[in-house]
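protein_28.pdb follows (PDB, C-alpha atoms, pLDDT in the B column):
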```pdb
ATOM      1  CA  HIS A 605       0.000   0.000   0.000  1.00 62.00           C
ATOM      2  CA  GLY A 606       2.750   2.393  -0.928  1.00 76.00           C
ATOM      3  CA  LYS A 607       4.469   3.869   2.088  1.00 81.00           C
ATOM      4  CA  TYR A 608       1.676   2.681   4.383  1.00 82.00           C
ATOM      5  CA  LYS A 609       1.614  -0.671   6.117  1.00 82.00           C
ATOM      6  CA  ILE A 610      -1.484  -2.151   7.733  1.00 82.00           C
ATOM      7  CA  ASP A 611      -0.657  -3.767  11.051  1.00 82.00           C
ATOM      8  CA  ASP A 612      -4.196  -4.427  12.224  1.00 82.00           C
ATOM      9  CA  ILE A 613      -7.762  -3.823  11.138  1.00 81.00           C
ATOM     10  CA  TYR A 614     -11.264  -4.080  12.541  1.00 76.00           C
ATOM     11  CA  TYR A 615     -13.531  -5.346   9.804  1.00 76.00           C
ATOM     12  CA  ALA A 616     -17.285  -5.784  10.102  1.00 75.00           C
ATOM     13  CA  ALA A 617     -20.314  -6.002   7.833  1.00 75.00           C
ATOM     14  CA  SER A 618     -23.628  -4.390   8.677  1.00 75.00           C
ATOM     15  CA  ASN A 619     -26.435  -6.344  10.332  1.00 71.00           C
ATOM     16  CA  ALA A 620     -29.066  -3.994   8.900  1.00 69.00           C
ATOM     17  CA  ARG A 621     -29.865  -6.069   5.813  1.00 70.00           C
ATOM     18  CA  SER A 622     -28.973  -9.569   6.978  1.00 69.00           C
ATOM     19  CA  GLY A 623     -31.148  -9.878  10.080  1.00 70.00           C
ATOM     20  CA  SER A 624     -28.427 -11.941  11.747  1.00 77.00           C
ATOM     21  CA  LEU A 625     -28.636 -12.047  15.546  1.00 80.00           C
ATOM     22  CA  TYR A 626     -25.012 -13.039  16.147  1.00 81.00           C
ATOM     23  CA  ARG A 627     -22.530 -12.058  13.508  1.00 80.00           C
ATOM     24  CA  PHE A 628     -18.774 -11.980  13.331  1.00 79.00           C
ATOM     25  CA  SER A 629     -16.434 -11.022  10.512  1.00 82.00           C
ATOM     26  CA  CYS A 630     -12.884 -12.017   9.743  1.00 82.00           C
ATOM     27  CA  ILE A 631     -10.071 -10.818   7.502  1.00 83.00           C
ATOM     28  CA  THR A 632      -6.442 -11.807   7.021  1.00 85.00           C
ATOM     29  CA  VAL A 633      -3.779  -9.199   7.790  1.00 84.00           C
ATOM     30  CA  ASN A 634      -0.089 -10.033   7.395  1.00 83.00           C
ATOM     31  CA  GLY A 635      -0.780 -13.754   7.505  1.00 82.00           C
ATOM     32  CA  GLU A 636      -2.927 -13.529  10.659  1.00 82.00           C
ATOM     33  CA  MET A 637      -6.658 -14.045  10.900  1.00 81.00           C
ATOM     34  CA  LYS A 638      -8.406 -11.068  12.523  1.00 82.00           C
ATOM     35  CA  PHE A 639     -11.872 -11.511  14.016  1.00 83.00           C
ATOM     36  CA  THR A 640     -14.451  -8.861  14.835  1.00 83.00           C
ATOM     37  CA  PHE A 641     -17.465 -10.018  16.850  1.00 83.00           C
ATOM     38  CA  HIS A 642     -20.421  -7.683  16.456  1.00 82.00           C
ATOM     39  CA  PRO A 643     -23.755  -9.243  17.471  1.00 84.00           C
ATOM     40  CA  ALA A 644     -27.041  -7.384  17.657  1.00 80.00           C
ATOM     41  CA  SER A 645     -26.953  -5.209  20.762  1.00 78.00           C
ATOM     42  CA  PRO A 646     -28.516  -5.011  23.323  1.00 78.00           C
ATOM     43  CA  ILE A 647     -30.135  -8.386  22.549  1.00 81.00           C
ATOM     44  CA  ILE A 648     -26.691  -9.988  22.886  1.00 83.00           C
ATOM     45  CA  SER A 649     -24.853  -8.593  25.900  1.00 85.00           C
ATOM     46  CA  ALA A 650     -21.152  -7.740  25.930  1.00 86.00           C
ATOM     47  CA  GLN A 651     -20.558 -10.594  28.388  1.00 87.00           C
ATOM     48  CA  THR A 652     -22.267 -13.157  26.163  1.00 86.00           C
ATOM     49  CA  ASN A 653     -20.327 -11.818  23.189  1.00 85.00           C
ATOM     50  CA  GLU A 654     -17.041 -12.227  25.050  1.00 87.00           C
ATOM     51  CA  GLU A 655     -17.846 -15.779  26.166  1.00 86.00           C
ATOM     52  CA  PHE A 656     -18.918 -16.796  22.657  1.00 86.00           C
ATOM     53  CA  SER A 657     -15.821 -15.313  21.038  1.00 85.00           C
ATOM     54  CA  ASP A 658     -13.535 -17.063  23.559  1.00 86.00           C
ATOM     55  CA  VAL A 659     -15.137 -20.452  22.875  1.00 86.00           C
ATOM     56  CA  LEU A 660     -15.081 -20.000  19.096  1.00 84.00           C
ATOM     57  CA  LEU A 661     -11.433 -18.983  19.038  1.00 83.00           C
ATOM     58  CA  ASP A 662     -10.568 -21.910  21.312  1.00 84.00           C
ATOM     59  CA  ILE A 663     -12.264 -24.269  18.841  1.00 85.00           C
ATOM     60  CA  LEU A 664     -10.144 -22.790  16.045  1.00 82.00           C
ATOM     61  CA  ARG A 665      -7.026 -23.198  18.176  1.00 80.00           C
ATOM     62  CA  VAL A 666      -7.795 -26.873  18.764  1.00 83.00           C
ATOM     63  CA  VAL A 667      -8.668 -27.570  15.124  1.00 79.00           C
ATOM     64  CA  SER A 668      -5.554 -25.835  13.834  1.00 79.00           C
ATOM     65  CA  GLY A 669      -3.300 -27.638  16.330  1.00 79.00           C
ATOM     66  CA  SER A 670      -2.131 -24.393  17.884  1.00 77.00           C
ATOM     67  CA  ASN A 671      -0.130 -24.458  21.106  1.00 78.00           C
ATOM     68  CA  GLU A 672      -1.844 -21.323  22.384  1.00 77.00           C
ATOM     69  CA  GLU A 673      -3.576 -21.451  25.741  1.00 77.00           C
ATOM     70  CA  ILE A 674      -7.248 -22.401  25.785  1.00 75.00           C
ATOM     71  CA  VAL A 675      -8.934 -19.292  27.131  1.00 72.00           C
ATOM     72  CA  SER A 676     -12.583 -20.221  27.643  1.00 67.00           C
ATOM     73  CA  THR A 677     -11.884 -22.929  30.235  1.00 64.00           C
ATOM     74  CA  THR A 678      -9.412 -20.883  32.259  1.00 58.00           C
ATOM     75  CA  LYS A 679     -11.445 -17.693  32.668  1.00 58.00           C
ATOM     76  CA  PRO A 680     -13.484 -17.472  35.874  1.00 56.00           C
ATOM     77  CA  LYS A 681     -17.197 -17.686  35.210  1.00 55.00           C
ATOM     78  CA  SER A 682     -19.188 -14.617  36.142  1.00 53.00           C
ATOM     79  CA  ASN A 683     -21.595 -15.096  39.031  1.00 50.00           C
ATOM     80  CA  ASN A 684     -24.950 -13.685  38.131  1.00 46.00           C
ATOM     81  CA  ASN A 685     -27.366 -13.873  41.039  1.00 43.00           C
ATOM     82  CA  ASN A 686     -30.269 -12.439  39.072  1.00 42.00           C
ATOM     83  CA  VAL A 687     -32.880 -14.854  37.823  1.00 40.00           C
ATOM     84  CA  SER A 688     -33.069 -14.492  34.076  1.00 42.00           C
ATOM     85  CA  SER A 689     -36.472 -13.638  32.726  1.00 43.00           C
ATOM     86  CA  SER A 690     -35.771 -15.848  29.717  1.00 47.00           C
ATOM     87  CA  GLY A 691     -35.680 -18.952  31.877  1.00 46.00           C
ATOM     88  CA  ASN A 692     -31.919 -19.323  32.384  1.00 47.00           C
ATOM     89  CA  GLY A 693     -32.183 -19.039  36.139  1.00 44.00           C
ATOM     90  CA  ASP A 694     -33.499 -22.551  36.534  1.00 46.00           C
ATOM     91  CA  ASN A 695     -32.358 -22.936  40.136  1.00 45.00           C
ATOM     92  CA  ASN A 696     -34.886 -20.379  41.326  1.00 45.00           C
ATOM     93  CA  SER A 697     -37.637 -21.179  38.866  1.00 60.00           C
ATOM     94  CA  LEU A 698     -41.112 -21.903  40.179  1.00 76.00           C
ATOM     95  CA  ILE A 699     -41.500 -24.560  37.471  1.00 76.00           C
ATOM     96  CA  PRO A 700     -39.330 -27.690  37.930  1.00 81.00           C
ATOM     97  CA  LYS A 701     -36.838 -28.048  35.110  1.00 80.00           C
ATOM     98  CA  ASN A 702     -38.145 -30.019  32.116  1.00 82.00           C
ATOM     99  CA  SER A 703     -41.363 -30.899  33.960  1.00 86.00           C
ATOM    100  CA  LEU A 704     -43.648 -29.285  31.389  1.00 89.00           C
ATOM    101  CA  VAL A 705     -41.587 -30.643  28.493  1.00 89.00           C
ATOM    102  CA  LEU A 706     -41.778 -34.202  29.837  1.00 91.00           C
ATOM    103  CA  ALA A 707     -45.498 -33.864  30.455  1.00 92.00           C
ATOM    104  CA  ALA A 708     -46.084 -32.560  26.927  1.00 90.00           C
ATOM    105  CA  ALA A 709     -43.912 -35.329  25.470  1.00 92.00           C
ATOM    106  CA  ALA A 710     -45.734 -38.027  27.458  1.00 93.00           C
ATOM    107  CA  ILE A 711     -49.213 -36.836  26.482  1.00 93.00           C
ATOM    108  CA  GLY A 712     -48.091 -36.253  22.893  1.00 91.00           C
ATOM    109  CA  SER A 713     -46.579 -39.735  22.643  1.00 92.00           C
ATOM    110  CA  ILE A 714     -49.846 -41.304  23.787  1.00 93.00           C
ATOM    111  CA  ALA A 715     -51.758 -39.267  21.233  1.00 89.00           C
ATOM    112  CA  VAL A 716     -49.424 -40.213  18.371  1.00 90.00           C
ATOM    113  CA  LEU A 717     -49.200 -43.893  19.358  1.00 91.00           C
ATOM    114  CA  SER A 718     -52.984 -44.115  19.348  1.00 89.00           C
ATOM    115  CA  HIS A 719     -52.705 -43.761  15.554  1.00 86.00           C
ATOM    116  CA  ALA A 720     -49.783 -46.185  15.166  1.00 88.00           C
ATOM    117  CA  GLY A 721     -51.916 -48.684  13.246  1.00 87.00           C
ATOM    118  CA  SER A 722     -52.981 -46.020  10.782  1.00 83.00           C
ATOM    119  CA  TYR A 723     -49.392 -44.952  10.211  1.00 85.00           C
ATOM    120  CA  ALA A 724     -48.373 -48.572   9.594  1.00 87.00           C
ATOM    121  CA  GLN A 725     -51.238 -49.040   7.137  1.00 84.00           C
ATOM    122  CA  PHE A 726     -50.303 -45.812   5.381  1.00 84.00           C
ATOM    123  CA  PHE A 727     -46.676 -46.818   4.812  1.00 86.00           C
ATOM    124  CA  SER A 728     -47.784 -50.252   3.655  1.00 85.00           C
ATOM    125  CA  SER A 729     -50.185 -48.668   1.171  1.00 82.00           C
ATOM    126  CA  LEU A 730     -47.471 -46.271   0.077  1.00 84.00           C
ATOM    127  CA  GLN A 731     -45.106 -49.132  -0.725  1.00 86.00           C
ATOM    128  CA  GLU A 732     -47.831 -50.944  -2.678  1.00 83.00           C
ATOM    129  CA  MET A 733     -48.650 -47.758  -4.548  1.00 83.00           C
ATOM    130  CA  LYS A 734     -44.995 -47.279  -5.462  1.00 85.00           C
ATOM    131  CA  ALA A 735     -44.683 -50.869  -6.664  1.00 86.00           C
ATOM    132  CA  ASN A 736     -47.713 -50.580  -8.942  1.00 84.00           C
ATOM    133  CA  VAL A 737     -47.005 -47.188 -10.513  1.00 83.00           C
ATOM    134  CA  GLU A 738     -44.823 -47.543 -13.579  1.00 83.00           C
ATOM    135  CA  ASP A 739     -43.496 -43.994 -13.801  1.00 84.00           C
ATOM    136  CA  PRO A 740     -41.619 -42.867 -10.629  1.00 84.00           C
ATOM    137  CA  ALA A 741     -42.466 -39.257 -11.528  1.00 87.00           C
ATOM    138  CA  ASP A 742     -46.183 -40.054 -11.178  1.00 85.00           C
ATOM    139  CA  PHE A 743     -45.582 -41.573  -7.763  1.00 85.00           C
ATOM    140  CA  SER A 744     -43.520 -38.566  -6.634  1.00 87.00           C
ATOM    141  CA  ALA A 745     -46.179 -36.140  -7.858  1.00 88.00           C
ATOM    142  CA  ALA A 746     -48.909 -37.958  -5.936  1.00 84.00           C
ATOM    143  CA  LEU A 747     -46.783 -38.208  -2.803  1.00 86.00           C
ATOM    144  CA  ASN A 748     -45.809 -34.536  -2.933  1.00 88.00           C
ATOM    145  CA  PHE A 749     -49.455 -33.540  -3.251  1.00 85.00           C
ATOM    146  CA  TRP A 750     -50.310 -35.730  -0.250  1.00 84.00           C
ATOM    147  CA  ILE A 751     -47.507 -34.137   1.788  1.00 85.00           C
ATOM    148  CA  PHE A 752     -48.692 -30.657   0.823  1.00 86.00           C
ATOM    149  CA  PHE A 753     -52.238 -31.419   1.939  1.00 82.00           C
ATOM    150  CA  ALA A 754     -51.106 -33.244   5.087  1.00 83.00           C
ATOM    151  CA  VAL A 755     -48.851 -30.387   6.198  1.00 84.00           C
ATOM    152  CA  ALA A 756     -50.986 -27.427   5.137  1.00 83.00           C
ATOM    153  CA  HIS A 757     -54.122 -28.509   6.933  1.00 81.00           C
ATOM    154  CA  PRO A 758     -52.588 -28.799  10.447  1.00 81.00           C
ATOM    155  CA  ILE A 759     -50.969 -25.396   9.933  1.00 82.00           C
ATOM    156  CA  LEU A 760     -54.228 -23.748   8.880  1.00 82.00           C
ATOM    157  CA  GLN A 761     -56.344 -25.319  11.624  1.00 81.00           C
ATOM    158  CA  PRO A 762     -54.790 -23.295  14.481  1.00 82.00           C
ATOM    159  CA  ILE A 763     -55.298 -20.128  12.448  1.00 83.00           C
ATOM    160  CA  LEU A 764     -58.968 -20.930  11.978  1.00 81.00           C
ATOM    161  CA  TRP A 765     -59.284 -21.819  15.668  1.00 81.00           C
ATOM    162  CA  ILE A 766     -57.732 -18.496  16.688  1.00 84.00           C
ATOM    163  CA  SER A 767     -60.169 -16.757  14.351  1.00 84.00           C
ATOM    164  CA  ASP A 768     -63.071 -18.494  16.111  1.00 84.00           C
ATOM    165  CA  VAL A 769     -61.678 -17.457  19.495  1.00 84.00           C
ATOM    166  CA  LEU A 770     -61.286 -13.893  18.229  1.00 82.00           C
ATOM    167  CA  HIS A 771     -64.891 -13.605  17.114  1.00 81.00           C
ATOM    168  CA  GLY A 772     -66.205 -15.401  20.189  1.00 83.00           C
ATOM    169  CA  SER A 773     -64.244 -13.472  22.829  1.00 85.00           C
ATOM    170  CA  PRO A 774     -66.442 -11.375  25.148  1.00 85.00           C
ATOM    171  CA  GLY A 775     -65.783  -7.864  26.373  1.00 82.00           C
ATOM    172  CA  PRO A 776     -65.489  -4.393  24.884  1.00 85.00           C
ATOM    173  CA  MET A 777     -64.004  -3.937  21.428  1.00 84.00           C
ATOM    174  CA  ILE A 778     -60.738  -2.120  20.787  1.00 82.00           C
ATOM    175  CA  GLY A 779     -61.112   0.070  17.728  1.00 79.00           C
ATOM    176  CA  ASP A 780     -64.235  -1.918  16.768  1.00 79.00           C
ATOM    177  CA  LEU A 781     -61.898  -4.725  15.680  1.00 80.00           C
ATOM    178  CA  VAL A 782     -60.443  -6.777  18.538  1.00 83.00           C
ATOM    179  CA  PRO A 783     -62.132  -7.745  21.840  1.00 86.00           C
ATOM    180  CA  LEU A 784     -60.211  -6.599  24.895  1.00 85.00           C
ATOM    181  CA  THR A 785     -60.209 -10.086  26.415  1.00 88.00           C
ATOM    182  CA  PHE A 786     -58.704 -11.571  23.243  1.00 86.00           C
ATOM    183  CA  LEU A 787     -55.982  -8.917  23.230  1.00 86.00           C
ATOM    184  CA  LEU A 788     -55.149  -9.462  26.909  1.00 89.00           C
ATOM    185  CA  GLY A 789     -55.084 -13.223  26.409  1.00 87.00           C
ATOM    186  CA  ASN A 790     -52.585 -12.850  23.582  1.00 85.00           C
ATOM    187  CA  VAL A 791     -50.392 -10.579  25.686  1.00 89.00           C
ATOM    188  CA  VAL A 792     -50.347 -13.120  28.530  1.00 89.00           C
ATOM    189  CA  ALA A 793     -49.641 -16.068  26.202  1.00 87.00           C
ATOM    190  CA  ILE A 794     -46.924 -14.323  24.197  1.00 87.00           C
ATOM    191  CA  THR A 795     -45.255 -13.006  27.366  1.00 89.00           C
ATOM    192  CA  ALA A 796     -45.238 -16.459  28.961  1.00 86.00           C
ATOM    193  CA  ILE A 797     -43.766 -18.085  25.857  1.00 85.00           C
ATOM    194  CA  ALA A 798     -41.189 -15.335  25.324  1.00 84.00           C
ATOM    195  CA  TYR A 799     -39.916 -15.022  28.889  1.00 83.00           C
ATOM    196  CA  VAL A 800     -40.375 -18.465  30.501  1.00 84.00           C
ATOM    197  CA  ALA A 801     -38.140 -21.082  28.913  1.00 83.00           C
ATOM    198  CA  GLU A 802     -40.019 -24.037  30.414  1.00 86.00           C
ATOM    199  CA  ILE A 803     -43.311 -22.900  28.903  1.00 88.00           C
ATOM    200  CA  ARG A 804     -41.663 -22.043  25.573  1.00 87.00           C
ATOM    201  CA  ASN A 805     -40.008 -25.467  25.306  1.00 88.00           C
ATOM    202  CA  ALA A 806     -43.186 -27.270  26.340  1.00 90.00           C
ATOM    203  CA  VAL A 807     -45.210 -25.403  23.713  1.00 90.00           C
ATOM    204  CA  ASN A 808     -42.689 -26.365  21.011  1.00 90.00           C
ATOM    205  CA  VAL A 809     -42.779 -30.039  22.037  1.00 91.00           C
ATOM    206  CA  ALA A 810     -46.577 -30.027  22.278  1.00 91.00           C
ATOM    207  CA  ALA A 811     -46.886 -28.435  18.820  1.00 90.00           C
ATOM    208  CA  LEU A 812     -44.629 -31.099  17.293  1.00 90.00           C
ATOM    209  CA  PHE A 813     -46.586 -33.991  18.782  1.00 91.00           C
ATOM    210  CA  ALA A 814     -49.895 -32.296  17.978  1.00 89.00           C
ATOM    211  CA  PHE A 815     -48.871 -32.131  14.329  1.00 89.00           C
ATOM    212  CA  PHE A 816     -48.163 -35.877  14.087  1.00 89.00           C
ATOM    213  CA  ALA A 817     -51.266 -36.721  16.136  1.00 88.00           C
ATOM    214  CA  TYR A 818     -53.417 -34.607  13.827  1.00 86.00           C
ATOM    215  CA  VAL A 819     -51.950 -36.273  10.742  1.00 86.00           C
ATOM    216  CA  GLY A 820     -52.569 -39.644  12.401  1.00 84.00           C
ATOM    217  CA  ALA A 821     -56.193 -38.669  13.004  1.00 82.00           C
ATOM    218  CA  GLY A 822     -56.457 -37.879   9.302  1.00 81.00           C
ATOM    219  CA  LEU A 823     -54.994 -41.268   8.408  1.00 80.00           C
ATOM    220  CA  ASP A 824     -57.553 -43.213  10.412  1.00 76.00           C
ATOM    221  CA  GLY A 825     -60.445 -40.919   9.514  1.00 71.00           C
ATOM    222  CA  GLN A 826     -61.030 -39.567  13.033  1.00 67.00           C
ATOM    223  CA  ALA A 827     -60.679 -35.980  11.824  1.00 61.00           C
ATOM    224  CA  GLY A 828     -63.774 -36.285   9.616  1.00 57.00           C
ATOM    225  CA  LEU A 829     -63.996 -37.726   6.116  1.00 48.00           C
ATOM    226  CA  GLY A 830     -64.921 -34.397   4.572  1.00 50.00           C
ATOM    227  CA  ASP A 831     -62.431 -32.496   6.679  1.00 57.00           C
ATOM    228  CA  PHE A 832     -59.085 -34.227   6.722  1.00 61.00           C
ATOM    229  CA  ASN A 833     -59.002 -37.715   5.270  1.00 67.00           C
ATOM    230  CA  LEU A 834     -55.461 -38.800   4.475  1.00 70.00           C
ATOM    231  CA  ALA A 835     -55.996 -42.537   4.075  1.00 68.00           C
ATOM    232  CA  LEU A 836     -54.725 -44.042   0.826  1.00 66.00           C
ATOM    233  CA  ASP A 837     -56.610 -46.516  -1.353  1.00 57.00           C
ATOM    234  CA  ASP A 838     -54.284 -49.509  -1.395  1.00 43.00           C
ATOM    235  CA  SER A 839     -56.012 -51.272  -4.296  1.00 41.00           C
ATOM    236  CA  TYR A 840     -53.502 -50.152  -6.922  1.00 35.00           C
ATOM    237  CA  ARG A 841     -53.602 -52.778  -9.680  1.00 32.00           C
TER
END
```
Turn this file's structure into structure tokens for me.
Amino acid sequence: HGKYKIDDIYYAASNARSGSLYRFSCITVNGEMKFTFHPASPIISAQTNEEFSDVLLDILRVVSGSNEEIVSTTKPKSNNNNVSSSGNGDNNSLIPKNSLVLAAAAIGSIAVLSHAGSYAQFFSSLQEMKANVEDPADFSAALNFWIFFAVAHPILQPILWISDVLHGSPGPMIGDLVPLTFLLGNVVAITAIAYVAEIRNAVNVAALFAFFAYVGAGLDGQAGLGDFNLALDDSYR
């Protein structure tokens, strides 16, 4: 660079267009890799950023076979006595750890296993269908359409249910559009899911099992023949 020599540089790309929560950039200067860690602040705290960067660089040291000291395991851990609102302070949580998740998984497993016979019949019919269709493209097209219908319906059902709850909620209307009770219920539910890790994890597990249970109900016709019938006709000849 002429009479100028670059000894070090801080390089970073903007988060404005990427939407990345935790981003870091790197560039090589004089044969050395330079890292700049710049996550979205204040969502990611400076302490979390420091801990993440130490662990990442230690991984690179191990992978590259470097003799440099491993930093992340030698630094004293900070003692934070505050209970995190996001559910990280499990020791002081009113909800026993993983209790809701295990309960959701147990109930969900029972619900899914109640349709085990229908799932077995479906896969058996699917294999027979594949064996009796000459063109694999025809089989793939039919299967893809089935998957589209099977996935779309469980996704739309909660939306329709929420719409029913919206129109059936009592209380005064806000802006002649939304009942106050519906709005308050959403605030409570969203707050609980956003700030309590146990509830958030349990909801995710319950949603996963509910999806497979709903598909199973469609396979055995329990969801209504005109509503969600996913059973296959296995008489392909």
Test item: the PyMOL selection byres ((chain A and resi 775) around 12) resolved as a PDB file with C-alpha atoms, in the coordinates of the input:
```pdb
ATOM      1  CA  LEU A 770     -61.286 -13.893  18.229  1.00 82.00           C
ATOM      2  CA  HIS A 771     -64.891 -13.605  17.114  1.00 81.00           C
ATOM      3  CA  GLY A 772     -66.205 -15.401  20.189  1.00 83.00           C
ATOM      4  CA  SER A 773     -64.244 -13.472  22.829  1.00 85.00           C
ATOM      5  CA  PRO A 774     -66.442 -11.375  25.148  1.00 85.00           C
ATOM      6  CA  PRO A 776     -65.489  -4.393  24.884  1.00 85.00           C
ATOM      7  CA  MET A 777     -64.004  -3.937  21.428  1.00 84.00           C
ATOM      8  CA  ILE A 778     -60.738  -2.120  20.787  1.00 82.00           C
ATOM      9  CA  ASP A 780     -64.235  -1.918  16.768  1.00 79.00           C
ATOM     10  CA  LEU A 781     -61.898  -4.725  15.680  1.00 80.00           C
ATOM     11  CA  VAL A 782     -60.443  -6.777  18.538  1.00 83.00           C
ATOM     12  CA  PRO A 783     -62.132  -7.745  21.840  1.00 86.00           C
ATOM     13  CA  LEU A 784     -60.211  -6.599  24.895  1.00 85.00           C
ATOM     14  CA  THR A 785     -60.209 -10.086  26.415  1.00 88.00           C
ATOM     15  CA  PHE A 786     -58.704 -11.571  23.243  1.00 86.00           C
ATOM     16  CA  LEU A 787     -55.982  -8.917  23.230  1.00 86.00           C
ATOM     17  CA  LEU A 788     -55.149  -9.462  26.909  1.00 89.00           C
ATOM     18  CA  GLY A 789     -55.084 -13.223  26.409  1.00 87.00           C
TER      19      GLY A 789
END
```
task = Run the PyMOL selection byres ((chain A and resi 630) around 8) mentally over the shown coordinates, then write out the matched residues as an NGL selection string, using the chain letters and numbers from the document.
result = :A and (615-616 or 628-629 or 631-632 or 637-640)
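Minimum atom-to-atom distances from A:Ala746, A:Val675, A:Ala817, A:Val791 to A:Val716 were compared using only C-alpha atoms, and the lowest value belongs to A:Ala817.
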task = Grab the atom CA of A:Gly712 to atom CA of A:Trp750 distance for me, in Å with one decimal place.
result =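 Separation between atom CA of A:Gly712 and atom CA of A:Trp750: 23.3 Å.
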Could you list, with a cut-off of 7 Å and counting all atoms listed in the file, the residues of stretch 745-830 of chain A near stretch 717-729 of chain A, each shown with its nearest atom pair and the distance in Å rounded to one decimal, rows sorted by chain and ascending number, as a tab-separated table?
```
residue	atom	partner	partner_atom	distance
A:Gly820	CA	A:His719	CA	5.2
A:Ala821	CA	A:His719	CA	6.7
A:Leu823	CA	A:Ser722	CA	5.7
A:Asp824	CA	A:Ser722	CA	5.4
```
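In this structure, atom CA of A:Arg627 sits 16.8 Å away from atom CA of A:Ile663.
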ask   = Which distance in Å separates atom CA of A:Leu812 and atom CA of A:Lys734, to one decimal?
value = 27.9 Å
remark   = Judged by only C-alpha atoms, the minimum distance to A:Leu625 among A:Ser744, A:Ser649, A:Gln761, A:Ser703 is found for A:Ser649
message = Taking 5 positions as the minimum chain separation for residues in the same chain, which residues sit within 10 Å of A:Ile711 when counting only C-alpha atoms? Answer as a list in words.
response =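 Contacts, in chain order: Leu706, Val716, Ala810, Phe813 and Ala814 of chain A.
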Using C-alpha atoms, can you write the selected residues to a file as a PDB file, in the frame of the given file?
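Contents of again.pdb, freshly written:
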```pdb
ATOM      1  CA  LEU A 706     -41.778 -34.202  29.837  1.00 91.00           C
ATOM      2  CA  VAL A 716     -49.424 -40.213  18.371  1.00 90.00           C
ATOM      3  CA  ALA A 810     -46.577 -30.027  22.278  1.00 91.00           C
ATOM      4  CA  PHE A 813     -46.586 -33.991  18.782  1.00 91.00           C
ATOM      5  CA  ALA A 814     -49.895 -32.296  17.978  1.00 89.00           C
TER       6      ALA A 814
END
```
task = Could you state which residues are captured by the PyMOL selection byres ((chain A and resi 707) around 12) in this file, as a ChimeraX atom specification?
result = /A:700-706,708-714,802-803,805-807,809-810,813
